[in-house]
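Below: one structure, written as C-alpha cells.
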Amino acid sequence: MKTAIEIDIQTEGEMPREHYLNVKTGVKAWLLTMDHKRIGILYLWTILVFFLIASVAAAMMRIELLTPQGDFVTNETYNKLFTIHGVLMVWFFLIPSIPTVLGNFAIPMMIGARDVAFPKLNLLSWYIFVAGGALTLWAIIHGGVDTGWTFYTPYSTTYANSHVITMAAGVFVAGFSSIITGMNFMATIHKMRAAGLTWFRLPLFIWSMYATSVILVLATPVLAITLAVMCVERIWGVGIFDPKLGGDPILFQHMFWFYSHPAVYIMILPGMGVVSELITCFSRKQIFGYGFVAAASMAIAVLGFLVWGHHMFVSSQSVYAGMVFSILSFLVAIPSAIKVFNWTATLHKGSIHFATPMLYALGFIGLFTIGGMTGLFLATLAVDVHVHDSYFVIAHFHYIMVGGMVMAFMGGLHYWWPKITGRLYPEMAGKLAALTTFLGFNLTFFPQFILGYLGMPRRYHAYPPEFQMFNVLSTAGASILGIGYLLPLIYFLWSLKFGRVAGPNPWRATGLEWQTPSPPPKHNFEDKTPIVTEKPYSYSAKEDADLNLASI
Amino acid sequence: MEKVVDPKIYFRTAIALLLLLAATWMIAYINLGLFNLIAALAIAITKAIVIALFFMHIKGSSRLLHLAAIAGVMWLLILISLTLSDFLTRGWTQ
Amino acid sequence: MNTTTTIEAGLVHQQFDDIGQQREAAKLGMWIFLATEVLFFGGLFLSYTVYRFVYGHAFVEASRKLDVVIGGTNTAVLLISSLLMAFAVRASKLDQRRMLTGLLLGTAFLGCVFMLLKGVEYHKDYVDHLVPRMGFKWEGADPGNAELFYWIYFAMTGLHAIHVTVGIGILLVLALLAWRNTFSNGNHNTIEIAGLYWHFVDIVWCFLFPLLYLVGHR
Amino acid sequence: MDQFRLFPPEASTSAQQIDWIYFALVALTVLICVIVFVPIIFFSIKYRRGSKADRSNPRVESVFIESGWTIVPLLIFIGLFSWGAVVYFHVENPPRDALQVQVIGKQWMWRLQHAEGKQEINELHVPVDRPVELTMTSQDVIHSFFVPAFRLHQDVVPGKYTHEWFRATRPGEYHIFCSQYCGTQHSAMIGRVVVMEPLDYERWLNTGRPMESIALAGERLFRERGCSGCHSVNSKFHAPLLEGTWGKPVPLESGEMVTVDERYVRDSILLPGKEISKGYQNIMPSFAGTLSEEEIMQLIAYIKSIGNQTSPSESAPNASR
Ligand code: HEA
Ligand code: HEA
Ligand code: CUA
Ligand SMILES: [Cu+2]
C-alpha cells in the first residue's frame with residue numbers, strides 16, 4: 001500500500017542524461033574537482049568516517065559506564081576515549097557537518113549562482129581538512145591523547161604524557177579549513193546572488209549560513225593561536241599559561257572559550273537554518289516572522305561572542321566577571337527563543353506533511369528547547385556552582401548537539417538527498433529511523449540530567465554504585481540510538497541504486513535549488529540564470545489542502 | 001583603464017606616517033606616566049587608520065569593506081575587554 | 001568602469017558574471033581574511049595586555065632593554081615599503097610593466113632589510129642574554145616576569161616575521177610574473193590583493209613597535 | 001533506595017537556596033515545554049495534510065506578537081539572573097567567623113589541614129551548623145573540590161588560593177569528588193565529608209597525636225627558615241615588620257599600593273623581586289622550591305594571625321620601620 005505521502009511526492013520518470021555526477025568520473029576527476037557540489041560530497045564521506053570513529057568511542061564509553069567499577073577499559077584508555085570522542089565529534093564532525101556538506105552543496109544553487117566565489121580555495125579547504133584529520137588520526141593511532149577536548153593547561157602543557165601536540169596541530173590545521181570555508185561563503189553570499197535576490201528574499205538557510213560564517217571567520221583564528229601557544233608552551237615551557245613561571249592557566253580558558261563558545265553556535269545555527277527550510281516546506285506555509293528569524297541568526301552570531309565566561313563560573317574567575325557573563329548568556333538565549341516560537345507559529349494554518357525530514361525538524365524543536373532551557377540552568381550562577389562539570393552539562397550539550405544539530409543534519413540530508421543523488425530514500429524506513437533516533441536519544445541522555453544533579457562528575461571512569469541505574473538506562477538508550485544512526489546509512493546506500501527517481505522537485509519546494517534538474521548540471525542551472533521576484537517560501541497551505549483532497 | 005590615485009596622496013600619506021613615527025618615538029623619552037601608554041596607542045591607531053584609508057584604499061570603498069575592516073578590530077576589543085573584566089576585578093572581594 | 005572590454009572578459013572565471021563582480025569578491029575575501037589575521041595576532045595581543053596589567057612594572061623595565069633604534073628604523077623601513085607597494089598597485093592599474101616589476105622588487109627588498117635588521121636585533125638580544133631559555137639573565141627585579149615579557153616579545157615579533165617572510169616570497173613571485181607581463185590589461189587584481197596583505201603586516205608592526213619597545217617611558 | 005534518588009541530600013544552607021532556584025527552573029522548563037509542545041501537537045493534528053481545517057488568511061507576521069515573545073522571556077531572564085547572582089554572591093563570600101581548613105589538591109588526592117593542626121587525607125570532618133571555610137590550592141594541575149550534598153564546587157588552581165565555604169545542616173557522610181579533569185586517576189580522587197555533632201567534632205579533633213595549629217607551625221617556620229632574622233625589631237637587615245600588616249594596603253617602590261593578602265604574601269615569598277615595598281632594598285631571597293605548598297600556607301596563616309597585633313615599631317620608637 002502506498003502512503004499518502006508517496007502519492008503526493010511529485011516524481012518524474014527519468015534522470016537527466018548529463019549531470020554533475022557523471023560529467024567526468026574517475027578518482028582523479030573527483031580529487032581535482034572544483035565543483036561545489038562534488039566538494040560537498042567529498043566532505044560528506046570524510047566526516048562520516050570521523051563520525052563513525054567517534055561513535056565507536058562513545059559506544060565504548062557507554063559500555064564502560066554500565067558498571068560502577070572501571071572494568072571494561074583502563075582509566076587511561078577511558079580518558080583517551082572521551083578525548084577522541086569530543087575532539088572528533090566537535091571539530092571533525094559537527095562543525096563541518098551542515099556547513100561543508102549541505103552548505104557547500106546548496107548555497108550556490110539557493111542563491112542562483114554557478115559556483116562559490118573561490119572554487120579553488122573550496123577544494124583547498126577540503127585538503128586542509130583531510131590533512132588536519134590525518135594528523136589527528138595519527139595521534140589517535142599512536143596512543144591517543146588524554147586531555148579532554150578542552151586541552152586545559154597546565155595539564156595539557158606539563159603533565160599529560162600523550163600526543164597532545166600532534167592532536168592540537170590537527171585541530172589547528174583543520175581550523176584553517178573552517179576559516180577558508182567561512183570566508184568563501186561570505187564572499188559568495190555577498191557577491192553572487194541572482195538578479196532580484198535581495199537580502200530579504202534570501203532563504204533562511206542562507207541567513208543562518210552567513211551568520212555561521214561570521215563566527216567561523218572571527219572565532220577560529222583565536223583557537224588557532226591558543227593551541228599554537230599551548231604547543232609552544234609544552235615544548236619550551238614559555239610560561240604564558242604556567243603558574244610556576246608567572247603565567248595564569250585561567251588565561252588559557254578565556255582564550256579557549258572565546259572560540260569554543262561561539263563554536264557551539266557554529267554547531268547550532270546551520271541546524272536552525274535547515275529547520276526553517278523544512279518547517280516551511282512541509283507545512284506549506286510562509287515562515288512566521290521572516291525578518292525576526294533572520295535577524296535572530298545574526299544576533300546569535302554577535303551576542304554569542306560575549307558570553308564565553310559562563311564556562312568558568314567556578315574556575316576562580318572574578319565574581320563580577322561571572323555576573324557579566326551570566327546576564328549576557330541569558331540575553332543570547334532570546335534570539336533562540338524567538339526562533340522556537342516562530343517555528344511553532346508557522347505550523348498554524350499550515351498543511352502539515354509528516355515526511356521524514358519534517359519528523360526530524362519537529363524532533364529538533366523539541367530537543368533543542370529542552371537542551372536550551374537546561375543551558376539556562378547552567379547560565380544561572382548559583383545553579384552552575386552545583387552542576388558544573390557534572391553529567392548535567394553532558395546532557396545539556398548532547399541535547400543541543402545530538403538532539404538538535406545531528407537531527408537537523410539528518411533532516412537536511414533527507415531533504416536534499418533527492419537533489420544530491422537524483423533518487424529518493426525509502427520513506428517508511430526513513431520514518432522508522434527518525435523515530436528510533438528520537439526515542440533512543442531521549443533514553444540515552446535524559447537520565448544524565450538526573451545523574452548530573454545527583455552529582456556524578458563528568459570524565460569519570462568509575463563511579464559510586466548509587467549512580468548505576470541511570471547509567472544503565474543511558475547505555476541502553478545509546479544502543480537504540482546507534483541503530484537509529486545505522487539505518488539511514490544502509491538505506492541511503494540502497495537508494496543510490498534502487499531509490500525511486502526523484503525529478504527536479506519532489507517536495508514541491510520553492511527554493512531556487514529545486515528549479516533545476518536532480519541531480520543538477522555541472523554549472524547548476526542550464527544556461528539561464530534564475531531571476532527572483534518574490535519573497536521566499538511562497539507556499540500556500542490552502543491550495544495544498546485542496547490539492548490533496550483531490551489526490552487521495 | 002582603472003581609476004588610479006594621485007601620487008601626491010601617497011606621498012603625503014607616507015610623510016604623515018613617518019611624522020607619526022617620529023612623534024611616538026620622541027614622546028617615549030618624556031615621562032608622562034600612564035599617558036605614555038595612551039599616547040603610544042593613540043598614535044598607533046592613527047597610523048593604522050591612515051594606512052587603511054589611503055594605502056589600502058578603504059577611503060572610497062564600499063560600506064561593506066569598511067565593515068570588514070572594522071570587524072576584526074571590534075572583535076579583538078571584545079576579546080580583550082571582557083577578559084580584562086575578569087583580571088581587573090579579581091582583587092575586589094575580601 | 002562597468003564597460004567590460006573583450007580582453008577583460010577573458011579574465012572572468014566561470015562562476016562570475018563580469019570582471020567587476022570578480023574583483024569585488026576577491027577584495028572582500030581578502031578583507032575578511034585580514035580580519036581573521038587580526039584575531040590570530042589577537043591571542044598574543046591579549047596575553048600581552050593581561051600581563052602588562054598584572055606585571056606592569058616588570059614589563060616596563062624589561063622593555064627598556066630592547067633596542068629602540070633598530071625597532072624604530074624598522075618601522076620606517078616598513079612604512080616606506082608600504083609606500084612602494086601602494087605605487088606598485090597603481091602601476092599595475094596603469095599597465096606599467098617595468099615600473100611594476102621594479103616597485104615589487106623594491107618592496108621585497110625593503111622587506112628583506114627589515115628581516116635583516118630583525119636578525120641583527122635578535123642576535124644582539126642573544127648576546128645580551130635576553131633570549132628566554134637560552135642563557136637568559138636578568139639583573140633587575142623580578143627576572144621571572146621579565147622573562148615572560150621576552151617570551152611574548154619573541155612570540156609576537158616572530159609571528160610577525162613569519163608574515164613578512166611569506167610576504168617577501170609572494171612579492172618575489174609576483175615580480176617575476178609581472179616581468180612576464182601577466183598583469184597587463186586589467187589583470188591587476190592579484191597585485192592589489194597582495195598589497196592589502198603587505199599593508200596589513202605593516203599595520204601590525206605599527207602596534208608592536210610602541211607596545212614592545214616604548215611601554216612606559218624610556 | 002539510593003538508586004531512585006532524583007537529587008542528592010540537602011546538607012548545607014546553600015543547598016537549600018540552590019535547590020529552590022533549581023526547582024523554579026524545572027518548573028519553568030516544564031511550562032515552556034507545555035507552551036511549545038502543546039501547540040505543535042495541536043497544530044500537527046488539526047492542520048495535518050488533508051484535514052478540513054480552516055486555512056484561510058494565515059498570518060505570517062505580527063510585530064506585536066514578536067515583541068511579546070521577546071520581552072516576556074527578557075523579563076523572566078532578568079529575574080532568573082538576579083536570583084542566581086544573589087545566591088552566587090552569598091556562596092562565594094565566606095563569613096568572617098568561619099572555621100578554617102586548608103586544602104591542597106594534588107594528583108590524585110586531597111590533603112586537608114584544620115586550623116587547629118589536625119591533618120586528614122581525602123576526608124574532611126566538620127561540625128554541624130558552623131560555617132567552615134576552605135582555602136585551597138593545588139600542587140600540580142587544576143582540580144575541583146565538589147561536594148554534591150552541599151551543592152558546592154570550586155576549582156583548585158595551582159599558583160593561587162581559592163575559597164569555598166559552607167554551613168552543614170545535617171550530620172552524615174557525603175561524597176567529595178574531584179570534578180575538574182586532572183589526569184589518569186581523576187575518577188579516583190574522591191573522598192568523604194563527615195558532618196558531626198559539635199561535641200563529637202571536639203572529641204574527634206582532640207584524639208590522636210596532639211598537633212600544633214597551622215599558625216603555630218607557621219610561627220615555627222618563620223623562625224626556622226630565617227624569616228625572623230630579617231623581619232624582626234632587632235634585626236640587622238632593613239626589612240618590614242609583618243605584625244599588623246594583614247589586610248592593609250602597603251605602598252610599593254613602583255608607586256602603586258597593594259593589599260597584603262594571600263596572593264601578596266605568597267608572591268613575596270616566592271617572587272620577592274616582583275613587588276618591592278617602598279623604602280626597602282630587594283634583598284629578600286626567593287624561597288621558591290624550598291618551601292612546600294603546605295609550608296607557604298602555614299606562613300600565611302601565621303602572618304594572618306599576627307595581623308591584629310600592633311606593629312612593635314609603634315611601641316618601640318627606635319625600631320627599623
Ligand atoms: C550546539 C551547541 C550548544 C548550544 C547551542 C548551547 C547553547 C547554550 N548553552 Fe551550552 N554548552 C555546549 C554546547 C552548546 N550550548 C557545550 C558543548 C558545553 C560544554 C563544554 C565542555 O565543558 O566540554 C556547554 C556548556 C554550557 C555552559 C557551561 C556549563 C559548565 O561547564 O558549568 C553554560 C553555562 O552557562 C551553557 C549555557 C548555554 C546557554 C545559555 C545556551 C543558549 O544559547 C540556549 C538558548 C536556547 C533556549 C533557551 C531554548 C529556546 C528558548 C525557548 C523555547 C524560550 C524560553 C523562554 C523562556 C525561558 C521565557 N552551556
Ligand atoms: C559533537 C557531537 C557529539 C555527538 C554526536 C556525540 C554523541 C554521543 N555522545 Fe558525546 N560528547 C561530545 C560530543 C558529542 N557526542 C563532547 C564534546 C563530549 C565531551 C568530551 C570531553 O569531556 O572532553 C562528549 C562526551 C560524552 C560523554 C561523557 C564522557 C565523560 O565525561 O566521561 C558521554 C557519556 O555517555 C557521551 C556519549 C555520547 C553518545 C552515547 C553519543 C551518541 O549519539 C552516539 C551514538 C552512536 C553509537 C552508540 C555508536 C554506533 C552503535 C553501535 C556500534 C551499536 C552498539 C552500541 C552499544 C552497545 C552502546 N559523550
Ligand atoms: Cu583532581 Cu580531577
Ligand atoms: Cu558556552
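In the C-alpha cells, chains take letters A, B, ... by order of appearance, with residues numbered from 1 within each chain and ligands from 1 in the order shown.
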
Show me, as an NGL selection string, every residue of chain A with an atom at most 7 Å from chain D, counting only C-alpha atoms. :A and (75-76 or 79 or 154-155 or 243-244 or 286-289 or 314-316 or 323 or 326-327 or 330 or 334 or 338 or 344 or 347-353 or 373 or 377 or 380-383 or 385-386 or 389 or 450 or 453-455 or 457-462 or 466-467 or 469 or 541-542 or 545 or 548-549)

Which chain C residues have any atom within 6 Å of an atom of chain A, and for each, what is the nearest pair of atoms with distance in Å to one decimal, counting only C-alpha atoms, rows sorted by chain and number, as CSV?
```
residue,atom,partner,partner_atom,distance
C:Gln15,CA,A:Arg114,CA,5.1
C:Ala25,CA,A:Ala187,CA,5.6
C:Gly29,CA,A:Ala187,CA,5.8
C:Thr36,CA,A:Leu218,CA,5.6
C:Leu39,CA,A:Pro221,CA,5.8
C:Phe40,CA,A:Pro221,CA,4.6
C:Gly43,CA,A:Val222,CA,5.7
```

Residues of the last selection are to be written out with all heavy atoms, as a compact mmCIF listing (two decimals), in the first residue's frame.
```txt
# COMPACT_ATOMS: atom_id res chain seq x y z
N GLN C 15 32.46 31.18 -12.70
CA GLN C 15 31.38 31.37 -11.73
C GLN C 15 30.92 32.81 -11.63
O GLN C 15 29.90 33.10 -11.01
CB GLN C 15 31.80 30.84 -10.36
CG GLN C 15 32.82 31.66 -9.61
CD GLN C 15 34.25 31.22 -9.91
OE1 GLN C 15 34.53 30.69 -10.97
NE2 GLN C 15 35.15 31.46 -8.99
N ALA C 25 34.55 40.49 -5.27
CA ALA C 25 34.55 39.29 -4.44
C ALA C 25 35.95 39.03 -3.90
O ALA C 25 36.12 38.74 -2.71
CB ALA C 25 34.07 38.09 -5.25
N GLY C 29 36.94 39.01 -0.04
CA GLY C 29 37.55 37.82 0.56
C GLY C 29 38.83 38.18 1.30
O GLY C 29 39.07 37.73 2.42
N THR C 36 40.52 37.87 10.05
CA THR C 36 40.94 36.70 10.81
C THR C 36 42.38 36.86 11.29
O THR C 36 42.74 36.41 12.37
CB THR C 36 40.85 35.39 9.99
OG1 THR C 36 41.90 35.38 9.03
CG2 THR C 36 39.54 35.25 9.30
N LEU C 39 42.59 38.69 14.50
CA LEU C 39 42.29 37.88 15.68
C LEU C 39 43.35 36.81 15.93
O LEU C 39 43.53 36.37 17.05
CB LEU C 39 40.91 37.27 15.54
CG LEU C 39 39.88 38.36 15.78
CD1 LEU C 39 38.61 38.12 15.03
CD2 LEU C 39 39.60 38.49 17.26
N PHE C 40 44.03 36.42 14.87
CA PHE C 40 45.13 35.46 15.04
C PHE C 40 46.23 36.10 15.89
O PHE C 40 46.67 35.54 16.88
CB PHE C 40 45.64 35.04 13.66
CG PHE C 40 46.57 33.87 13.68
CD1 PHE C 40 46.17 32.66 14.20
CD2 PHE C 40 47.84 33.98 13.16
CE1 PHE C 40 47.04 31.57 14.21
CE2 PHE C 40 48.71 32.90 13.16
CZ PHE C 40 48.30 31.70 13.69
N GLY C 43 45.28 36.80 19.91
CA GLY C 43 45.56 36.00 21.08
C GLY C 43 46.83 36.47 21.78
O GLY C 43 46.90 36.54 23.01
```

Can you tell me which residues sit at most 6 Å away from ligand 1, counting only C-alpha atoms and all ligand atoms, written as number ranges by chain? A: 264-265, 267-268, 310-311, 329-330, 332-333, 336-337, 340, 369, 372-373, 375-376, 378-379, 384, 388-389, 393, 397, 400-401; D: 73, 76

Selected residues, C-alpha atoms, written as a tab-separated table (two decimals), in the first residue's frame, please.
```
chain	number	residue	atom	x	y	z
A	264	VAL	CA	28.72	25.98	19.84
A	265	TYR	CA	26.69	28.37	17.74
A	267	MET	CA	27.15	23.88	15.73
A	268	ILE	CA	23.53	25.04	16.00
A	310	HIS	CA	29.93	31.12	31.62
A	311	HIS	CA	32.16	28.07	31.30
A	329	SER	CA	24.26	34.34	28.49
A	330	PHE	CA	20.63	34.96	29.23
A	332	VAL	CA	21.84	35.27	23.91
A	333	ALA	CA	19.01	32.87	24.67
A	336	SER	CA	16.84	31.30	20.16
A	337	ALA	CA	13.52	31.73	21.91
A	340	VAL	CA	11.42	28.44	18.51
A	369	THR	CA	14.09	23.55	23.53
A	372	GLY	CA	18.44	25.24	25.53
A	373	MET	CA	16.36	25.51	28.67
A	375	GLY	CA	21.52	25.86	29.20
A	376	LEU	CA	19.68	28.46	31.25
A	378	LEU	CA	23.87	26.46	33.68
A	379	ALA	CA	23.81	30.17	32.98
A	384	ASP	CA	26.12	26.20	37.90
A	388	HIS	CA	29.36	22.49	36.63
A	389	ASP	CA	31.39	19.64	35.14
A	393	VAL	CA	26.42	19.61	31.41
A	397	PHE	CA	25.04	19.81	25.25
A	400	ILE	CA	21.52	20.51	21.67
A	401	MET	CA	24.29	18.97	19.63
D	73	PRO	CA	11.44	36.00	28.21
D	76	ILE	CA	11.97	36.27	33.15
```

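Interatomic distance, CA of Ile58 in chain B against CA of Asn74 in chain C: 24.9 Å.
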
Might you pull out every residue within 10 Å of Val73 in chain B, with only C-alpha atoms counted and same-chain residues fewer than 3 positions away left off, and present them as an mmCIF file with N, CA and C atoms, in the first residue's frame?
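around05.cif, freshly written:
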```cif
data_model
loop_
_atom_site.group_PDB
_atom_site.id
_atom_site.type_symbol
_atom_site.label_atom_id
_atom_site.label_comp_id
_atom_site.auth_asym_id
_atom_site.auth_seq_id
_atom_site.Cartn_x
_atom_site.Cartn_y
_atom_site.Cartn_z
ATOM 1 N N ALA B 68 34.060 45.159 7.013
ATOM 2 C CA ALA B 68 35.009 44.054 7.143
ATOM 3 C C ALA B 68 36.278 44.531 7.831
ATOM 4 N N ALA B 69 36.690 45.765 7.503
ATOM 5 C CA ALA B 69 37.926 46.271 8.093
ATOM 6 C C ALA B 69 37.750 46.518 9.584
ATOM 7 N N ILE B 70 36.567 46.973 9.972
ATOM 8 C CA ILE B 70 36.352 47.302 11.378
ATOM 9 C C ILE B 70 36.092 46.046 12.205
ATOM 10 N N LEU B 76 38.489 42.003 18.379
ATOM 11 C CA LEU B 76 39.676 41.976 19.230
ATOM 12 C C LEU B 76 39.384 42.756 20.515
ATOM 13 N N LEU B 77 38.672 43.868 20.371
ATOM 14 C CA LEU B 77 38.344 44.646 21.558
ATOM 15 C C LEU B 77 37.427 43.861 22.491
ATOM 16 N N ILE B 78 36.480 43.114 21.906
ATOM 17 C CA ILE B 78 35.625 42.274 22.749
ATOM 18 C C ILE B 78 36.489 41.303 23.544
ATOM 19 N N LEU B 79 37.387 40.637 22.817
ATOM 20 C CA LEU B 79 38.247 39.644 23.465
ATOM 21 C C LEU B 79 39.009 40.266 24.626
ATOM 22 N N ALA C 35 40.681 40.230 8.600
ATOM 23 C CA ALA C 35 40.017 40.259 9.908
ATOM 24 C C ALA C 35 40.420 39.028 10.723
ATOM 25 N N THR C 36 40.519 37.874 10.050
ATOM 26 C CA THR C 36 40.939 36.697 10.814
ATOM 27 C C THR C 36 42.377 36.856 11.287
ATOM 28 N N VAL C 38 43.774 39.625 12.186
ATOM 29 C CA VAL C 38 43.757 40.479 13.375
ATOM 30 C C VAL C 38 43.534 39.620 14.612
ATOM 31 N N LEU C 39 42.594 38.690 14.503
ATOM 32 C CA LEU C 39 42.294 37.883 15.677
ATOM 33 C C LEU C 39 43.347 36.812 15.925
ATOM 34 N N GLY C 42 45.565 38.475 17.640
ATOM 35 C CA GLY C 42 44.823 38.928 18.814
ATOM 36 C C GLY C 42 45.117 38.123 20.057
#
```

Determine the nearest neighbour of ligand 3 from the options A:Thr147, A:Ser283, A:Ser208, A:Asn524, counting only C-alpha atoms and all ligand atoms. A:Thr147

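For ligand 4, the neighbouring polymer residues at 8 Å or closer are Trp257, Ser260, His261, Pro262, Val264, Val307, Trp308, Gly309, His310 and His311 of chain A, only C-alpha atoms and all ligand atoms being used.
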
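Contact shell of Ala52 in chain B at 9 Å (only C-alpha atoms; same-chain neighbours under 4 positions omitted): Lys47, Ala48, Met56, His57, Ile58, Lys59 and Ala69 of chain B; Leu196, His199, Phe200 and Ile203 of chain C.
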
Could you tell me which residues of chain A sit within 8 Å of chain B when counting only C-alpha atoms, and give me the result as number ranges by chain? A: 218, 254, 258, 305-306, 317-322

For the residues selected in the previous step, produce a file with N, CA and C atoms as a PDB file, in the first residue's frame.
```
ATOM      1  N   LEU A 218      35.668  34.814  12.556  1.00  0.00           N
ATOM      2  CA  LEU A 218      36.181  35.659  13.634  1.00  0.00           C
ATOM      3  C   LEU A 218      36.591  34.884  14.882  1.00  0.00           C
ATOM      4  N   HIS A 254      40.141  31.531  29.098  1.00  0.00           N
ATOM      5  CA  HIS A 254      39.500  32.660  28.407  1.00  0.00           C
ATOM      6  C   HIS A 254      39.677  32.534  26.904  1.00  0.00           C
ATOM      7  N   PHE A 258      36.748  31.778  24.274  1.00  0.00           N
ATOM      8  CA  PHE A 258      36.408  32.847  23.326  1.00  0.00           C
ATOM      9  C   PHE A 258      36.112  32.230  21.968  1.00  0.00           C
ATOM     10  N   PHE A 305      29.486  35.935  21.036  1.00  0.00           N
ATOM     11  CA  PHE A 305      30.883  36.208  21.348  1.00  0.00           C
ATOM     12  C   PHE A 305      31.063  36.808  22.739  1.00  0.00           C
ATOM     13  N   LEU A 306      29.964  37.140  23.392  1.00  0.00           N
ATOM     14  CA  LEU A 306      30.100  37.914  24.631  1.00  0.00           C
ATOM     15  C   LEU A 306      29.884  37.080  25.879  1.00  0.00           C
ATOM     16  N   GLN A 317      37.651  32.613  38.268  1.00  0.00           N
ATOM     17  CA  GLN A 317      37.406  33.877  37.580  1.00  0.00           C
ATOM     18  C   GLN A 317      36.743  34.830  38.585  1.00  0.00           C
ATOM     19  N   SER A 318      36.918  36.139  38.376  1.00  0.00           N
ATOM     20  CA  SER A 318      36.345  37.088  39.319  1.00  0.00           C
ATOM     21  C   SER A 318      34.818  36.965  39.352  1.00  0.00           C
ATOM     22  N   VAL A 319      34.278  37.149  40.554  1.00  0.00           N
ATOM     23  CA  VAL A 319      32.838  37.027  40.749  1.00  0.00           C
ATOM     24  C   VAL A 319      32.084  38.021  39.866  1.00  0.00           C
ATOM     25  N   TYR A 320      32.678  39.184  39.684  1.00  0.00           N
ATOM     26  CA  TYR A 320      31.973  40.227  38.923  1.00  0.00           C
ATOM     27  C   TYR A 320      31.961  39.884  37.445  1.00  0.00           C
ATOM     28  N   ALA A 321      33.080  39.373  36.939  1.00  0.00           N
ATOM     29  CA  ALA A 321      33.092  38.936  35.548  1.00  0.00           C
ATOM     30  C   ALA A 321      32.053  37.839  35.367  1.00  0.00           C
ATOM     31  N   GLY A 322      31.951  36.938  36.353  1.00  0.00           N
ATOM     32  CA  GLY A 322      30.954  35.882  36.288  1.00  0.00           C
ATOM     33  C   GLY A 322      29.560  36.469  36.103  1.00  0.00           C
TER      34      GLY A 322
END
```

Taking only C-alpha atoms into account, report as a PyMOL selection string which residues of chain C lie within 8 Å of chain B. chain C and resi 1+28+31-32+34-36+38-39+42+46+49-50+72+75-76+79-80+82-83+86-87+90+93-94+185-186+195-196+199+203+206-207+210-211+214-218

Nearby residues, ligand 2, 7 Å, only C-alpha atoms and all ligand atoms, as an NGL selection string: :A and (55-56 or 58-63 or 82-83 or 85-87 or 89-90 or 93-94 or 148-150 or 394 or 398 or 401-402 or 406 or 444 or 458-461 or 475-476 or 478-479 or 481-483 or 485)

Return the neighbours of chain C among the residues of chain D, cut-off 9 Å, counting only C-alpha atoms, as a ChimeraX atom specification. /D:254,271-276,282

Interface residues on chain D facing chain B, 10 Å, only C-alpha atoms, written as a ChimeraX atom specification: /D:92-94,96,247,258-259,261,263

Would you output that residue set with C-alpha atoms, as an mmCIF file, in the first residue's frame?
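Contents of out07.cif, freshly written:
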```
data_model
loop_
_atom_site.group_PDB
_atom_site.id
_atom_site.type_symbol
_atom_site.label_atom_id
_atom_site.label_comp_id
_atom_site.auth_asym_id
_atom_site.auth_seq_id
_atom_site.Cartn_x
_atom_site.Cartn_y
_atom_site.Cartn_z
ATOM 1 C CA GLU D 92 31.306 32.966 47.006
ATOM 2 C CA ASN D 93 31.842 35.194 50.042
ATOM 3 C CA PRO D 94 32.744 33.378 53.248
ATOM 4 C CA ARG D 96 34.170 36.169 58.855
ATOM 5 C CA GLY D 247 44.582 43.140 55.077
ATOM 6 C CA VAL D 258 48.755 46.765 47.228
ATOM 7 C CA THR D 259 46.777 44.992 49.909
ATOM 8 C CA ASP D 261 46.559 39.279 51.204
ATOM 9 C CA ARG D 263 48.423 36.401 46.924
#
```

Non-local contacts of range 124-132 of chain C (12 Å; only C-alpha atoms; under 2 positions in same chain excluded) as JSON, numbers by chain: {"A": [236, 237, 238, 239, 245], "C": [62, 63, 64, 65, 66, 67, 70, 117, 118, 119, 120, 121, 122, 134, 135, 136, 137, 138, 139, 143, 144, 145, 146, 147, 148, 149, 150, 151, 152, 153, 154, 155]}

Selection: 12 Å around Gly208 in chain D, only C-alpha atoms, excl. self and same-chain fewer than 6 positions, as a ChimeraX atom specification: /D:117-120

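The spacing separating CA of Ile303 in chain D from CA of Leu205 in chain D amounts to 23.9 Å.
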
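The residue set within 10 Å of Met358 in chain A, counting only C-alpha atoms and dropping same-chain residues fewer than 5 places from it, reads A:Val275, A:Glu277, A:Leu278, A:Ile279, A:Thr280, A:Cys281, A:Phe282, A:Ser283, A:Ile352, A:His353, A:Gly363, A:Phe364, A:Ala408, A:Gly411, A:Gly412, A:His414, A:Tyr415, A:Lys431, A:Ala434.
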
Run DSSP on the backbone and tell me which residues of range 396-444 of chain A come out as alpha helix (DSSP H); list them as a ChimeraX atom specification. /A:396-398,407-421,427-444

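Of the listed residues D:Trp246, D:Phe237, D:Tyr302, D:Trp110, the one whose atoms come nearest to ligand 3 is D:Trp110, with distances taken using only C-alpha atoms and all ligand atoms.
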
Find the residue from A:Ser390, A:Pro203, A:Ile98, A:Ala139 that sits nearest to ligand 3; use only C-alpha atoms and all ligand atoms when measuring. A:Ser390
